[in-house]
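Text of data-v8.cif (mmCIF, C-alpha atoms) as supplied:
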```
data_run
#
loop_
_atom_site.label_atom_id
_atom_site.label_comp_id
_atom_site.auth_asym_id
_atom_site.auth_seq_id
_atom_site.Cartn_x
_atom_site.Cartn_y
_atom_site.Cartn_z
CA MET Y 1 121.44 40.16 217.09
CA GLN Y 2 119.51 37.01 217.97
CA GLN Y 3 115.90 37.18 216.78
CA GLU Y 4 113.11 35.75 218.90
CA ALA Y 5 111.25 32.62 217.77
CA SER Y 6 114.07 31.60 215.43
CA LYS Y 7 116.84 29.05 215.71
CA TYR Y 8 119.07 31.18 213.47
CA ARG Y 9 121.60 33.69 214.74
CA VAL Y 10 121.84 36.51 212.21
CA GLU Y 11 125.15 38.38 212.20
CA LEU Y 12 125.95 41.78 210.79
CA ILE Y 13 128.75 41.97 208.20
CA GLY Y 14 130.14 45.44 208.82
CA ILE Y 15 128.23 48.65 209.35
CA GLU Y 16 128.33 49.96 205.78
CA LYS Y 17 124.93 50.48 204.18
CA TYR Y 18 124.05 50.00 200.53
CA GLN Y 19 121.29 51.79 198.64
CA LEU Y 20 120.02 48.65 196.93
CA GLY Y 21 122.11 45.62 197.82
CA GLU Y 22 121.30 42.66 195.56
CA GLY Y 23 122.68 39.75 193.55
CA PRO Y 24 124.88 37.95 196.12
CA TYR Y 25 127.21 35.22 194.86
CA TYR Y 26 129.77 33.07 196.58
CA ASP Y 27 132.38 31.70 194.17
CA PRO Y 28 134.14 28.73 195.82
CA ARG Y 29 136.90 28.78 193.19
CA TYR Y 30 138.24 32.03 194.66
CA GLN Y 31 136.57 32.01 198.09
CA ARG Y 32 134.97 35.26 196.93
CA PHE Y 33 131.67 36.71 198.12
CA SER Y 34 130.27 39.36 195.78
CA TRP Y 35 127.13 41.47 195.52
CA VAL Y 36 125.91 44.60 193.75
CA ASP Y 37 124.55 47.95 194.86
CA ILE Y 38 122.17 48.58 191.97
CA LEU Y 39 121.58 52.29 192.62
CA GLY Y 40 125.18 52.86 193.69
CA ASN Y 41 126.43 51.54 190.31
CA LYS Y 42 128.89 49.21 192.02
CA VAL Y 43 129.94 45.60 192.28
CA TRP Y 44 131.36 44.77 195.70
CA TYR Y 45 133.34 41.72 196.71
CA ILE Y 46 135.22 40.30 199.67
CA GLN Y 47 138.20 38.09 198.95
CA ASN Y 48 141.18 37.15 201.13
CA GLY Y 49 139.75 39.34 203.89
CA GLU Y 50 139.76 42.45 201.68
CA LYS Y 51 136.65 44.31 200.55
CA LYS Y 52 136.86 46.01 197.16
CA SER Y 53 134.45 47.60 194.71
CA ILE Y 54 134.12 48.11 190.97
CA GLN Y 55 132.63 51.46 189.97
CA LEU Y 56 130.38 51.27 186.90
CA PRO Y 57 128.79 53.89 184.60
CA GLN Y 58 125.24 52.49 184.94
CA HIS Y 59 122.93 50.74 187.36
CA VAL Y 60 123.94 47.08 187.63
CA GLY Y 61 121.31 44.45 188.43
CA ALA Y 62 123.61 41.47 188.90
CA ALA Y 63 127.21 40.30 188.57
CA ILE Y 64 127.45 36.64 187.48
CA PRO Y 65 130.87 34.98 187.82
CA LEU Y 66 132.38 34.00 184.48
CA ALA Y 67 133.29 30.36 183.81
CA ASP Y 68 136.66 31.04 182.19
CA SER Y 69 138.08 33.75 184.46
CA ASP Y 70 137.66 35.56 187.76
CA GLY Y 71 135.64 38.26 186.01
CA PHE Y 72 131.91 38.94 185.89
CA ALA Y 73 129.04 39.13 183.44
CA LEU Y 74 127.27 42.33 184.42
CA ALA Y 75 123.56 42.86 183.77
CA MET Y 76 123.29 46.62 183.26
CA GLU Y 77 120.91 49.24 181.87
CA ASP Y 78 121.49 48.79 178.15
CA GLY Y 79 123.19 45.42 177.92
CA ILE Y 80 125.26 42.63 179.40
CA TYR Y 81 128.91 43.54 179.87
CA ARG Y 82 132.04 41.53 180.63
CA TYR Y 83 134.35 42.81 183.34
CA GLU Y 84 137.80 41.21 183.32
CA ASN Y 85 141.24 42.40 184.42
CA GLY Y 86 139.95 45.87 185.23
CA THR Y 87 138.33 46.33 181.82
CA LEU Y 88 134.62 46.72 181.05
CA LYS Y 89 133.49 45.61 177.58
CA SER Y 90 130.05 45.50 176.00
CA TRP Y 91 128.99 41.91 175.33
CA ILE Y 92 125.25 41.74 174.61
CA ASP Y 93 123.64 44.93 173.34
CA LEU Y 94 120.07 45.21 174.64
CA GLN Y 95 119.18 48.70 173.38
CA ASP Y 96 116.89 47.22 170.73
CA VAL Y 97 115.46 44.73 173.23
CA TYR Y 98 114.74 46.95 176.23
CA LYS Y 99 112.44 49.94 176.35
CA PRO Y 100 114.30 53.21 177.06
CA TYR Y 101 113.12 53.28 180.69
CA TRP Y 102 114.02 49.66 181.48
CA ARG Y 103 117.13 48.25 183.13
CA SER Y 104 118.38 44.78 183.98
CA ASN Y 105 117.39 43.38 187.35
CA ASP Y 106 118.32 40.00 188.82
CA ALA Y 107 120.32 37.62 186.60
CA LYS Y 108 121.76 34.11 186.90
CA ALA Y 109 123.41 31.43 184.80
CA ASP Y 110 121.80 28.02 184.36
CA CYS Y 111 123.57 24.63 184.37
CA ARG Y 112 124.61 25.11 180.73
CA GLY Y 113 125.97 28.61 181.29
CA ARG Y 114 123.11 30.45 179.60
CA ILE Y 115 122.42 33.88 181.09
CA TRP Y 116 118.91 34.48 182.40
CA PHE Y 117 118.08 38.09 183.15
CA GLY Y 118 115.02 40.16 183.89
CA ALA Y 119 114.13 43.62 182.64
CA THR Y 120 112.31 45.99 184.94
CA VAL Y 121 111.31 49.64 185.00
CA ASN Y 122 114.12 52.06 185.89
CA VAL Y 123 111.95 55.06 186.82
CA ASP Y 124 109.60 55.60 189.74
CA ASP Y 125 106.70 57.18 187.85
CA HIS Y 126 106.02 54.27 185.49
CA GLU Y 127 103.87 51.23 186.12
CA ALA Y 128 105.86 48.05 186.76
CA GLU Y 129 106.52 46.00 183.62
CA GLY Y 130 109.18 43.95 181.91
CA ASN Y 131 110.16 40.53 180.56
CA LEU Y 132 112.42 37.63 181.50
CA TYR Y 133 115.06 36.83 178.88
CA VAL Y 134 117.75 34.25 178.23
CA TYR Y 135 120.97 34.68 176.27
CA SER Y 136 122.41 31.62 174.57
CA GLN Y 137 124.75 31.15 171.59
CA GLY Y 138 124.56 34.76 170.50
CA LYS Y 139 120.80 35.07 170.71
CA VAL Y 140 118.46 36.78 173.19
CA THR Y 141 115.06 35.14 173.65
CA CYS Y 142 112.09 36.23 175.75
CA GLN Y 143 111.13 33.40 178.10
CA VAL Y 144 108.43 35.06 180.20
CA ALA Y 145 106.62 38.04 178.72
CA GLY Y 146 104.70 40.63 180.71
CA THR Y 147 106.43 40.29 184.05
CA LYS Y 148 105.77 42.91 186.71
CA ILE Y 149 109.09 42.94 188.59
CA SER Y 150 111.36 40.12 187.43
CA ASN Y 151 113.40 38.82 190.34
CA GLY Y 152 114.79 35.64 191.95
CA MET Y 153 115.70 32.51 189.95
CA ALA Y 154 116.76 28.96 190.83
CA TRP Y 155 116.93 25.51 189.25
CA SER Y 156 116.35 22.10 190.80
CA ALA Y 157 119.31 19.74 191.25
CA ASP Y 158 118.16 17.57 188.36
CA CYS Y 159 117.77 20.67 186.12
CA LYS Y 160 114.14 19.77 185.42
CA LYS Y 161 112.46 22.63 187.30
CA PHE Y 162 112.93 26.38 187.07
CA PHE Y 163 111.76 28.67 189.88
CA PHE Y 164 111.07 32.37 189.37
CA SER Y 165 109.80 35.12 191.64
CA ASP Y 166 107.82 37.99 190.17
CA SER Y 167 107.65 40.60 192.91
CA GLY Y 168 104.77 42.45 191.29
CA GLU Y 169 102.71 39.25 191.20
CA HIS Y 170 103.53 38.50 194.87
CA ALA Y 171 104.27 34.93 193.83
CA VAL Y 172 106.98 32.39 193.14
CA PHE Y 173 106.33 30.32 190.02
CA VAL Y 174 107.62 26.93 188.93
CA PHE Y 175 108.15 25.84 185.32
CA ASP Y 176 109.22 22.62 183.65
CA PHE Y 177 112.78 23.19 182.40
CA ASP Y 178 114.46 21.46 179.47
CA GLU Y 179 118.20 21.44 180.10
CA GLU Y 180 119.14 20.66 176.50
CA SER Y 181 117.18 23.47 174.84
CA GLY Y 182 116.94 25.87 177.79
CA SER Y 183 113.19 26.22 177.27
CA ILE Y 184 110.56 26.48 180.01
CA LYS Y 185 106.86 25.59 179.97
CA ASN Y 186 103.87 24.75 182.14
CA ARG Y 187 104.02 27.77 184.43
CA ARG Y 188 102.15 27.46 187.73
CA VAL Y 189 102.13 29.23 191.08
CA LEU Y 190 104.26 27.41 193.67
CA PHE Y 191 103.32 29.77 196.50
CA GLU Y 192 102.26 33.35 197.19
CA VAL Y 193 103.64 35.87 199.68
CA THR Y 194 101.16 38.14 201.44
CA ASP Y 195 103.21 39.84 204.18
CA GLY Y 196 105.89 41.45 202.03
CA VAL Y 197 107.12 40.88 198.48
CA PRO Y 198 109.05 37.89 197.07
CA ASP Y 199 112.50 39.01 195.94
CA GLY Y 200 115.81 37.24 195.31
CA MET Y 201 116.27 33.58 196.18
CA THR Y 202 118.59 30.61 196.18
CA ILE Y 203 118.24 26.83 196.48
CA ASP Y 204 119.94 24.35 198.78
CA ALA Y 205 121.30 20.83 198.24
CA GLU Y 206 117.97 19.37 199.40
CA ASP Y 207 116.07 21.33 196.73
CA ASN Y 208 114.47 23.73 199.20
CA LEU Y 209 114.15 27.40 198.25
CA TRP Y 210 115.38 30.28 200.41
CA LEU Y 211 113.50 33.46 199.50
CA ALA Y 212 114.24 37.01 200.64
CA VAL Y 213 111.00 38.85 201.41
CA TRP Y 214 111.21 42.55 200.55
CA GLY Y 215 109.38 44.60 203.16
CA GLY Y 216 109.15 41.54 205.38
CA SER Y 217 112.47 41.60 207.26
CA ARG Y 218 113.00 37.91 206.65
CA VAL Y 219 114.17 35.01 204.52
CA GLU Y 220 111.74 32.12 204.09
CA LYS Y 221 112.75 28.50 203.58
CA ARG Y 222 110.20 26.84 201.32
CA SER Y 223 109.70 23.37 199.86
CA SER Y 224 110.31 23.47 196.12
CA ALA Y 225 107.88 20.56 195.75
CA THR Y 226 104.86 22.00 197.57
CA GLY Y 227 105.71 25.62 198.42
CA GLU Y 228 105.20 24.84 202.12
CA LEU Y 229 106.87 27.23 204.56
CA LEU Y 230 109.53 25.20 206.38
CA ASP Y 231 111.43 27.84 208.35
CA THR Y 232 112.02 31.57 208.72
CA ILE Y 233 115.13 33.67 209.28
CA HIS Y 234 114.29 37.04 210.81
CA VAL Y 235 116.53 39.85 209.58
CA PRO Y 236 116.85 43.30 211.26
CA ALA Y 237 116.42 45.15 207.95
CA LYS Y 238 113.06 45.90 206.37
CA GLN Y 239 113.94 45.49 202.69
CA THR Y 240 115.54 42.05 202.64
CA SER Y 241 116.50 41.64 198.98
CA SER Y 242 118.36 38.40 198.20
CA CYS Y 243 120.52 35.58 199.57
CA CYS Y 244 123.06 32.92 198.66
CA PHE Y 245 124.99 30.14 200.37
CA GLY Y 246 128.70 30.53 200.93
CA ASP Y 247 131.87 29.72 202.87
CA GLU Y 248 133.93 26.57 202.43
CA ASP Y 249 131.12 24.21 203.42
CA LEU Y 250 128.37 26.27 201.73
CA LYS Y 251 126.35 26.34 204.95
CA THR Y 252 126.46 30.09 205.61
CA LEU Y 253 123.55 32.06 204.18
CA TYR Y 254 124.57 35.55 203.06
CA ILE Y 255 121.73 38.09 202.93
CA THR Y 256 121.56 41.49 201.21
CA SER Y 257 119.22 44.38 201.97
CA ALA Y 258 118.36 47.85 200.70
CA GLY Y 259 118.66 51.08 202.63
CA VAL Y 260 117.31 53.65 200.18
CA GLY Y 261 114.54 55.74 201.76
CA LEU Y 262 114.91 54.00 205.14
CA ASN Y 263 116.57 55.02 208.40
CA GLY Y 264 116.57 51.83 210.45
CA GLU Y 265 119.83 51.02 212.20
CA TYR Y 266 120.63 48.08 209.89
CA ASP Y 267 118.63 48.91 206.75
CA GLY Y 268 120.93 48.43 203.76
CA CYS Y 269 123.46 46.26 205.59
CA LEU Y 270 124.79 42.80 204.80
CA PHE Y 271 124.09 39.81 207.02
CA ARG Y 272 124.99 36.17 207.37
CA CYS Y 273 123.87 33.22 209.42
CA ARG Y 274 124.92 29.62 209.80
CA THR Y 275 122.38 27.01 208.71
CA ASP Y 276 122.01 23.26 209.11
CA VAL Y 277 121.89 22.61 205.38
CA GLN Y 278 124.37 22.90 202.54
CA GLY Y 279 123.82 25.15 199.59
CA VAL Y 280 125.00 24.55 196.04
CA ALA Y 281 127.81 26.26 194.16
CA PRO Y 282 126.64 28.76 191.54
CA ASP Y 283 126.57 28.08 187.83
CA TYR Y 284 128.86 30.29 185.76
CA SER Y 285 128.15 32.22 182.57
CA VAL Y 286 129.95 31.09 179.44
#
```
Can you turn what I pasted into structure tokens?
Amino acid sequence: MQQEASKYRVELIGIEKYQLGEGPYYDPRYQRFSWVDILGNKVWYIQNGEKKSIQLPQHVGAAIPLADSDGFALAMEDGIYRYENGTLKSWIDLQDVYKPYWRSNDAKADCRGRIWFGATVNVDDHEAEGNLYVYSQGKVTCQVAGTKISNGMAWSADCKKFFFSDSGEHAVFVFDFDEESGSIKNRRVLFEVTDGVPDGMTIDAEDNLWLAVWGGSRVEKRSSATGELLDTIHVPAKQTSSCCFGDEDLKTLYITSAGVGLNGEYDGCLFRCRTDVQGVAPDYSV
């Protein structure tokens, strides 16, 4: 599955297709790769060579590994839930925060374990809208109001910059981040995407961003300092949705895609490719 004009060899991980694969995580503590199928209401994970799934009662936008167990914080339609030892429990009730037609989309923990999560529209016949929130010490706070489609998030190694992709704005933004308070300010456009839509992303040990481009069949490597395009990984799936680094050396990029409404041979499949750079281990929710 070698793509022309690319130094990267993209490999297929199985032939199973997912409606809306998203939110990949590699947890080095358990050598576990996990992701979600938002529309399939499932968390999937591969551990010790076995692939398993967790069936959920709602759409799930992300599954963040917990700091104190092998469970997950699940960003769902009406709240954040904890899943541990086969049990699902409500943790953060968002029914008074979200509009009735919203659901959680991408979510990540920052270096202090705060949970950052976006709200987006859950129905097809409504104009895109939402907000980006953070949960810390029992309180939910809106950090970016009026988002179109809240998506990928990443932080610089020194925890002084926060990166955020708003798919509806066709842009990746950078903010100044205060690690102590968890606040962000001074929003500016880092770069725009014209051929496709910016979706989920991750960051490597050299502070470069790796962005999945929805509708663009690719992952872009970008400078987090200038936004310059540094490299491209071509993926044989149209709706490339997100990515993360994994494996023991954190040099394998895992890539999710969506298959809903598409009939391409690999649309909705999972992929991986070896890179020449190391990623960073994820932060865990506390």
Give me, as a Markdown table, the closest atom pair and its distance (Å, one decimal) for every residue of segment 128-246 of chain Y within a cut-off of 12 Å of segment 74-87 of chain Y, counting only C-alpha atoms, rows sorted by chain and rising number.
```
| residue | atom | partner | partner_atom | distance |
| --- | --- | --- | --- | --- |
| Y:Tyr133 | CA | Y:Ala75 | CA | 11.5 |
| Y:Val134 | CA | Y:Ile80 | CA | 11.3 |
| Y:Tyr135 | CA | Y:Ile80 | CA | 9.6 |
| Y:Gly138 | CA | Y:Ile80 | CA | 11.9 |
| Y:Val140 | CA | Y:Ile80 | CA | 10.9 |
```
**Prompt:** Distance atom CA of Trp155 of chain Y-atom CA of Pro24 of chain Y, one decimal place?
**Reply:** 16.3 Å
**Request:** Please provide the set of residues having any atom within 10 Å of Leu12 of chain Y, restricted to all atoms listed in the file, with same-chain residues fewer than 6 positions apart removed, written as a list in words.
**Result:**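 Within the cut-off, the hits are Met1, Val235, Pro236, Ile255, Tyr266, Cys269, Leu270, Phe271, Arg272 and Cys273 of chain Y.
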**Item:** One-decimal distance in Å that lies between atom CA of Asn48 of chain Y and atom CA of Tyr30 of chain Y
**Value:** 8.8 Å
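Proximity to Trp116 of chain Y was assessed for Y:Ala154, Y:Ala171, Y:Asp37, Y:Gln95 counting all atoms listed in the file; the smallest distance is recorded for Y:Ala154.
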To box segment 84-88 of chain Y, take all atoms listed in the file, fit an axis-aligned box, add 6 Å on each side, and give centre and edge lengths in Å to one decimal, as AutoDock Vina command-line options.
```
--center_x 137.9 --center_y 44.0 --center_z 183.1 --size_x 18.6 --size_y 17.5 --size_z 16.2
```
**Item:** Surrounding residues of segment 185-193 of chain Y excluding itself and chain neighbours under 2 positions, 8 Å, only C-alpha atoms, as an MDAnalysis selection string
**Value:** chainID Y and resid 170:177 183 195:198 224 226:228
**Asked** Which is closest to Gln278 of chain Y among Y:Glu22, Y:Asp199, Y:Asp68, Y:Asp207, if we use all atoms listed in the file?
**Response**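 Distance minimum relative to Gln278 of chain Y lands on Y:Asp207.
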**Asked** For the atom pair atom CA of Lys99 of chain Y and atom CA of Gly40 of chain Y, what is the interatomic distance in Å to one decimal place?
**Response**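 According to the coordinates, atom CA of Lys99 of chain Y and atom CA of Gly40 of chain Y are separated by 21.7 Å.
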**Request:** Could you check which of Y:Ser167, Y:Ser150, Y:Gln239, Y:Ser156 is closest to Ile203 of chain Y, using all atoms listed in the file?
**Result:**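 Comparing Y:Ser167, Y:Ser150, Y:Gln239, Y:Ser156 against Ile203 of chain Y, the winner is Y:Ser156.
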**Request:** Take the PyMOL selection byres ((chain Y and resi 27) around 9), apply it to the structure above, and return the hits as JSON, numbers by chain.
**Result:** {"Y": [25, 26, 28, 29, 30, 31, 32, 33, 34, 65, 246, 247, 281, 282]}
Let me see the file: selected residues, C-alpha atoms, as an mmCIF file, in the frame of the given file.
```
data_model
loop_
_atom_site.group_PDB
_atom_site.id
_atom_site.type_symbol
_atom_site.label_atom_id
_atom_site.label_comp_id
_atom_site.auth_asym_id
_atom_site.auth_seq_id
_atom_site.Cartn_x
_atom_site.Cartn_y
_atom_site.Cartn_z
ATOM 1 C CA TYR Y 25 127.210 35.220 194.860
ATOM 2 C CA TYR Y 26 129.770 33.070 196.580
ATOM 3 C CA PRO Y 28 134.140 28.730 195.820
ATOM 4 C CA ARG Y 29 136.900 28.780 193.190
ATOM 5 C CA TYR Y 30 138.240 32.030 194.660
ATOM 6 C CA GLN Y 31 136.570 32.010 198.090
ATOM 7 C CA ARG Y 32 134.970 35.260 196.930
ATOM 8 C CA PHE Y 33 131.670 36.710 198.120
ATOM 9 C CA SER Y 34 130.270 39.360 195.780
ATOM 10 C CA PRO Y 65 130.870 34.980 187.820
ATOM 11 C CA GLY Y 246 128.700 30.530 200.930
ATOM 12 C CA ASP Y 247 131.870 29.720 202.870
ATOM 13 C CA ALA Y 281 127.810 26.260 194.160
ATOM 14 C CA PRO Y 282 126.640 28.760 191.540
#
```
**Using all atoms listed in the file: which of Y:Met201, Y:Leu88, Y:Val260, Y:Val219 has the shortest distance to Thr232 of chain Y** = Y:Val219
**Asked** Taking into account all atoms listed in the file, which residue in the set Y:Ser181, Y:Ser69, Y:Ser217, Y:Thr202 is nearest to Leu253 of chain Y?
**Response**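 The answer is Y:Thr202, which sits nearest to Leu253 of chain Y.
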Determine the residue membership of the PyMOL selection byres ((chain Y and resi 210) around 9) for the file above and supply it as an mmCIF file with C-alpha atoms, in the frame of the given file.
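Everything below was put into out02.cif:
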```cif
data_model
loop_
_atom_site.group_PDB
_atom_site.id
_atom_site.type_symbol
_atom_site.label_atom_id
_atom_site.label_comp_id
_atom_site.auth_asym_id
_atom_site.auth_seq_id
_atom_site.Cartn_x
_atom_site.Cartn_y
_atom_site.Cartn_z
ATOM 1 C CA GLY Y 200 115.810 37.240 195.310
ATOM 2 C CA MET Y 201 116.270 33.580 196.180
ATOM 3 C CA THR Y 202 118.590 30.610 196.180
ATOM 4 C CA ILE Y 203 118.240 26.830 196.480
ATOM 5 C CA ASP Y 204 119.940 24.350 198.780
ATOM 6 C CA ASN Y 208 114.470 23.730 199.200
ATOM 7 C CA LEU Y 209 114.150 27.400 198.250
ATOM 8 C CA LEU Y 211 113.500 33.460 199.500
ATOM 9 C CA ALA Y 212 114.240 37.010 200.640
ATOM 10 C CA VAL Y 219 114.170 35.010 204.520
ATOM 11 C CA GLU Y 220 111.740 32.120 204.090
ATOM 12 C CA LYS Y 221 112.750 28.500 203.580
ATOM 13 C CA ARG Y 222 110.200 26.840 201.320
ATOM 14 C CA SER Y 223 109.700 23.370 199.860
ATOM 15 C CA SER Y 242 118.360 38.400 198.200
ATOM 16 C CA CYS Y 243 120.520 35.580 199.570
ATOM 17 C CA CYS Y 244 123.060 32.920 198.660
#
```
Tell me which protein, DNA and RNA residues are within 8 Å of Ile115 of chain Y, counting all atoms listed in the file, leaving out same-chain ones fewer than 5 positions away, and put them as a JSON list (two decimals) with C-alpha atoms, in the frame of the given file.
```json
[["chain", "number", "residue", "atom", "x", "y", "z"],
["Y", 107, "ALA", "CA", 120.32, 37.62, 186.60],
["Y", 108, "LYS", "CA", 121.76, 34.11, 186.90],
["Y", 109, "ALA", "CA", 123.41, 31.43, 184.80],
["Y", 110, "ASP", "CA", 121.80, 28.02, 184.36],
["Y", 134, "VAL", "CA", 117.75, 34.25, 178.23],
["Y", 135, "TYR", "CA", 120.97, 34.68, 176.27],
["Y", 136, "SER", "CA", 122.41, 31.62, 174.57],
["Y", 285, "SER", "CA", 128.15, 32.22, 182.57]]
```
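For the residues Y:Gln58, Y:Gln137, Y:Ser241, Y:Ser104, ranking by smallest atom-to-atom distance to Val121 of chain Y using all atoms listed in the file places Y:Ser104 first.
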